[in-house]
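Undergrad: Once you've had a glance at the structure underneath, I'll fire off some questions.
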Amino acid sequence: MGTYSRHDEEFLFASIRKGDKQAFAELFDRFWSKAFFIAYRKLNDQEATQEVVQEVFITLWNKRESLSIQNFSSYLYACVKNKCLNYIESRLIEKKHWDYYKQFIPKSDFETEKMVSYDTLLEAINTSMESLPKKTRRVFQLNRLEGRSISEIANVLNLSEKTIEYHLARSLKHLKMHLKDFTLLLVLTLQV
């Protein structure tokens, strides 16, 4: 990978378009911190920021063959800003739906509804987690269920922090996709 550090971003992106993972790793290492800083200034939430930046890089890799980028850093930072705006907008919409829904739930029924929703959501999460690869599932469990930090997980599993971040982003993307019908239910269960 040492040879990639001497190349400019245009060369690296041209290599990425051909599927070169080392070139992608070099661009990732070069731009992760700056992208994180830009997103964090907008979101002021470390987990949301990591998720947004990871999604941008995952999308970049997945669409690498169809993208035509003249200035990679400008493109990347614009993607990060747009993804942040989308994240903020989705949070506002969720809050708006929750506020509307809350008006129509009688308080006595709410606790029962909350328990049923929680059980349904938990079952859906468990089912979705079973379809994750073993290592990705383990990283998710250690981080989200046991509350361990990325560096702690890296030490426990003897992996790099970047690898842990990758598995965590992969698990979150997988769960988002499989639990998209439960978004409102998740908001209801975690509120109040």
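Following the order of the structure tokens, first chain is A, next is B, and so on, with residues numbered from 1 inside each chain and ligands from 1 in the order they appear.
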Once you count only C-alpha atoms, what closest atom pair and distance in Å to one decimal does each residue of range 118-145 of chain A within 7 Å of range 154-177 of chain A have, with rows by chain and rising residue number, as a Markdown table?

TA:
```
| residue | atom | partner | partner_atom | distance |
| --- | --- | --- | --- | --- |
| A:Ser128 | CA | A:Leu175 | CA | 6.4 |
| A:Thr136 | CA | A:His167 | CA | 4.9 |
| A:Arg137 | CA | A:Ser171 | CA | 6.9 |
| A:Val139 | CA | A:Leu168 | CA | 6.2 |
| A:Phe140 | CA | A:Leu168 | CA | 5.7 |
```

Undergrad: If you run DSSP over the backbone, which residues in range 57-172 of chain A end up alpha helix (DSSP H)? Put them as a PyMOL selection string.

TA: chain A and resi 57-62+72-103+107-130+134-140+150-157+161-172

Undergrad: Pick from A:Ser15, A:Thr120, A:Thr127, A:Asn44: nearest to Glu65 in chain A, with only C-alpha atoms counted?

TA: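 Looking only at the distances to Glu65 in chain A, the closest residue turns out to be A:Ser15.
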
Undergrad: If you count only C-alpha atoms, which residues fall within 7 Å of range 62-64 of chain A, apart from same-chain ones fewer than 3 positions away, as a list of chain:residue names?

TA: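 The filter keeps A:Ile16, A:Arg17, A:Ile58, A:Thr59, A:Leu67.
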
Undergrad: Next, dump the selected residues to file, keeping only N, CA and C atoms, as an mmCIF file, in the first residue's frame.

TA:
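result.cif written:
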```cif
data_model
loop_
_atom_site.group_PDB
_atom_site.id
_atom_site.type_symbol
_atom_site.label_atom_id
_atom_site.label_comp_id
_atom_site.auth_asym_id
_atom_site.auth_seq_id
_atom_site.Cartn_x
_atom_site.Cartn_y
_atom_site.Cartn_z
ATOM 1 N N ILE A 16 -9.691 2.721 -8.320
ATOM 2 C CA ILE A 16 -10.878 2.242 -7.602
ATOM 3 C C ILE A 16 -11.958 1.820 -8.594
ATOM 4 N N ARG A 17 -12.124 2.588 -9.661
ATOM 5 C CA ARG A 17 -13.137 2.261 -10.677
ATOM 6 C C ARG A 17 -12.891 0.872 -11.263
ATOM 7 N N ILE A 58 -19.243 3.556 1.588
ATOM 8 C CA ILE A 58 -19.822 2.309 1.064
ATOM 9 C C ILE A 58 -20.507 2.577 -0.269
ATOM 10 N N THR A 59 -21.259 3.666 -0.346
ATOM 11 C CA THR A 59 -21.926 4.029 -1.606
ATOM 12 C C THR A 59 -20.901 4.312 -2.692
ATOM 13 N N LEU A 67 -19.525 6.124 -11.532
ATOM 14 C CA LEU A 67 -19.255 7.516 -11.169
ATOM 15 C C LEU A 67 -18.200 8.139 -12.086
#
```

Undergrad: Using only C-alpha atoms, which of A:Arg144, A:Val80, A:Ser151, A:Val52 sits nearest Ile125 in chain A?

TA: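 Between A:Arg144, A:Val80, A:Ser151, A:Val52, the residue approaching Ile125 in chain A most closely is A:Arg144.
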
Undergrad: A:Leu12, A:His97, A:Leu122, A:Pro133: which is nearest Asn71 in chain A, counting only C-alpha atoms?

TA: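 Nearest candidate to Asn71 in chain A out of A:Leu12, A:His97, A:Leu122, A:Pro133: A:Leu12.
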
Undergrad: One decimal, Å: what's the distance from CA of Lys134 in chain A over to CA of Glu26 in chain A, could you say?

TA: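 So the answer is 27.0 Å.
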
Undergrad: As an exercise, work out the distance from CA of Lys180 in chain A to CA of Asn86 in chain A in Å and give it to one decimal place.

TA: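 Separation between CA of Lys180 in chain A and CA of Asn86 in chain A: 15.6 Å.
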
Undergrad: Could you name the residues that touch Val56 in chain A at 10 Å or less, counting only C-alpha atoms, but leaving out those on the same chain fewer than 6 positions away, as a PDB file with C-alpha atoms, in the first residue's frame?

TA:
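Written out: out.pdb:
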```pdb
ATOM      1  CA  ALA A  35     -15.230  13.823   6.117  1.00  0.00           C
ATOM      2  CA  GLN A  50     -19.648   7.619  11.845  1.00  0.00           C
ATOM      3  CA  ASN A  62     -20.668   0.248  -4.629  1.00  0.00           C
ATOM      4  CA  LEU A  76     -16.822  13.447  -1.283  1.00  0.00           C
ATOM      5  CA  TYR A  77     -17.450  16.482   0.925  1.00  0.00           C
ATOM      6  CA  CYS A  79     -21.836  13.761  -0.544  1.00  0.00           C
ATOM      7  CA  VAL A  80     -21.139  13.973   3.197  1.00  0.00           C
ATOM      8  CA  LYS A  81     -23.020  17.266   3.511  1.00  0.00           C
ATOM      9  CA  ASN A  82     -25.993  15.895   1.549  1.00  0.00           C
ATOM     10  CA  LYS A  83     -26.053  12.693   3.598  1.00  0.00           C
TER      11      LYS A  83
END
```
